[in-house]
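Some notes on the structure that comes next.
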Amino acid sequence: MEWQEATDVKEDLLHVLHTIELPHIDMNRIHCYRTTGSKVRAYARTWAFPKIFQKALNIEPSYVIEVLAEHYDRLNSDKQKKVLIHELLHIPKNFSGALLPHKTKSRNLHTLANQLFKEYKQKIRY
């Protein structure tokens, strides 16, 4: 498997965050990579840095958003943005280094991602 920094993905994330409000996201602590050669069927993944390593290394929480080139790069621009919104929603509001699951009793990440994507599309039209 090969990893390559994905500056285009970071630019897309910045555009999304300038369009919709996710004020807890600190783009200085989000790193984007594109991988090739993975057998995973996902379009993208969000990676957290566990609290124990943050404390041991005395660093702030950070996240990596990995896009899997074989799947993500085939998507049109709108679907790529929707995937990125989905990945951002895994990051908790306290930006702790933890990850939020897809479903809880009060939250469905897929539903929220669809709502935010609609908001994003409406805002970029005007």
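To be explicit about the labels: the chains of the structure tokens are called A, B, and onward in the order shown, and within each one the residues are counted from 1, while ligands get numbers from 1 in the order they are shown.
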
>> Give me, as an MDAnalysis selection string, the residues of range 5-94 of chain A that a backbone DSSP run labels strand (DSSP E or B).
In response: chainID A and resid 5 30:36 44:48 63:68

Where does range 10-70 of chain A meet range 96-109 of chain A within 9 Å, residue by residue, with the nearest atom pair and distance in Å to one decimal for each, counting only C-alpha atoms, listed by chain and rising number, as CSV?
residue,atom,partner,partner_atom,distance
A:Thr46,CA,A:Leu99,CA,8.0
A:Trp47,CA,A:Leu99,CA,7.9
A:Ala48,CA,A:Gly97,CA,5.3
A:Phe49,CA,A:Gly97,CA,5.5
A:Pro50,CA,A:Gly97,CA,6.2
A:Lys51,CA,A:Gly97,CA,6.5
A:Gln54,CA,A:Gly97,CA,8.4
A:Glu60,CA,A:Gly97,CA,8.3
A:Pro61,CA,A:Gly97,CA,4.7
A:Ser62,CA,A:Gly97,CA,6.0
A:Tyr63,CA,A:Gly97,CA,6.8

> If you run DSSP on the backbone, which residues of range 1-64 of chain A are helix (DSSP H, G or I), as a count of residues only?
Replying inline: 23

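Atom pair CA of Phe53 in chain A / CA of Asp8 in chain A has a distance of 28.3 Å (rounded to one decimal).
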
Please list as a short mmCIF file (atom, residue, chain, number, x, y, z; two decimals) with N, CA and C atoms, in the first residue's frame every residue within 8 Å of Arg41 in chain A, counting only C-alpha atoms and excluding residues in the same chain fewer than 2 positions away.
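Output saved as around34.cif:
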data_model
loop_
_atom_site.label_atom_id
_atom_site.label_comp_id
_atom_site.auth_asym_id
_atom_site.auth_seq_id
_atom_site.Cartn_x
_atom_site.Cartn_y
_atom_site.Cartn_z
N LYS A 39 -7.10 -2.98 0.02
CA LYS A 39 -8.20 -3.89 -0.32
C LYS A 39 -9.52 -3.45 0.31
N TYR A 43 -14.63 4.52 0.59
CA TYR A 43 -14.14 5.66 -0.20
C TYR A 43 -13.08 6.42 0.57
N HIS A 71 -11.34 3.98 -5.22
CA HIS A 71 -12.78 4.22 -5.11
C HIS A 71 -13.11 5.72 -5.14
#

> CA of Glu11 in chain A and CA of Ile85 in chain A are how many Å apart?
Replying inline: 13.1 Å

>> Can you tell me which residues surround Pro23 in chain A at a distance of at most 9 Å, considering only C-alpha atoms, apart from same-chain residues fewer than 3 positions away, and format the answer as a PyMOL selection string?
In response: chain A and resi 17+26+93

> For Tyr120 in chain A, which residue out of A:Ile20, A:Ile59, A:Ala6, A:Leu13 is the nearest one, using only C-alpha atoms?
Replying inline: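 Among A:Ile20, A:Ile59, A:Ala6, A:Leu13, it is A:Ile20 that comes nearest to Tyr120 in chain A.
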
> Looking at only C-alpha atoms, which of A:His31, A:Glu119, A:Val9, A:Gly37 is the one that sits closest to Val64 in chain A?
Replying inline: A:His31

> Taking only C-alpha atoms into account, which of A:Leu112, A:Leu22, A:Leu75, A:Cys32 comes nearest Pro92 in chain A?
Replying inline: A:Leu22

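Residues in contact range of Ala113 in chain A, defined as at most 9 Å between only C-alpha atoms, with sequence neighbours fewer than 4 positions away removed, read Lys82, Val83, Ile85, His86, Glu87, Leu89, Asn108, Leu109, Phe117 and Lys118 of chain A.
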
Selected residues written out with C-alpha atoms, as an mmCIF file, in the first residue's frame:
data_model
loop_
_atom_site.group_PDB
_atom_site.id
_atom_site.type_symbol
_atom_site.label_atom_id
_atom_site.label_comp_id
_atom_site.auth_asym_id
_atom_site.auth_seq_id
_atom_site.Cartn_x
_atom_site.Cartn_y
_atom_site.Cartn_z
ATOM 1 C CA LYS A 82 -20.315 14.365 0.452
ATOM 2 C CA VAL A 83 -17.729 11.740 1.439
ATOM 3 C CA ILE A 85 -18.452 15.868 4.946
ATOM 4 C CA HIS A 86 -19.163 12.352 6.188
ATOM 5 C CA GLU A 87 -15.553 11.955 7.319
ATOM 6 C CA LEU A 89 -18.630 14.221 11.070
ATOM 7 C CA ASN A 108 -27.242 9.190 12.489
ATOM 8 C CA LEU A 109 -24.082 10.253 10.724
ATOM 9 C CA PHE A 117 -24.374 18.240 1.837
ATOM 10 C CA LYS A 118 -27.738 19.764 0.808
#

> Counting only C-alpha atoms, what is within 9 Å of Leu84 in chain A, bar same-chain residues fewer than 6 positions away, as a PyMOL selection string?
Replying inline: chain A and resi 9+12-13+16+44+65+67

Residue subset to file, keeping C-alpha atoms, as a short mmCIF file (atom, residue, chain, number, x, y, z; two decimals), in the first residue's frame:
data_model
loop_
_atom_site.label_atom_id
_atom_site.label_comp_id
_atom_site.auth_asym_id
_atom_site.auth_seq_id
_atom_site.Cartn_x
_atom_site.Cartn_y
_atom_site.Cartn_z
CA VAL A 9 -8.37 16.79 -0.64
CA ASP A 12 -11.67 20.52 -0.90
CA LEU A 13 -12.05 20.25 2.88
CA VAL A 16 -16.43 22.74 2.45
CA ALA A 44 -12.36 7.26 2.73
CA ILE A 65 -8.43 11.76 6.48
CA VAL A 67 -9.06 8.75 0.67
#

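CA of Leu68 in chain A is positioned 20.2 Å from CA of Arg29 in chain A.
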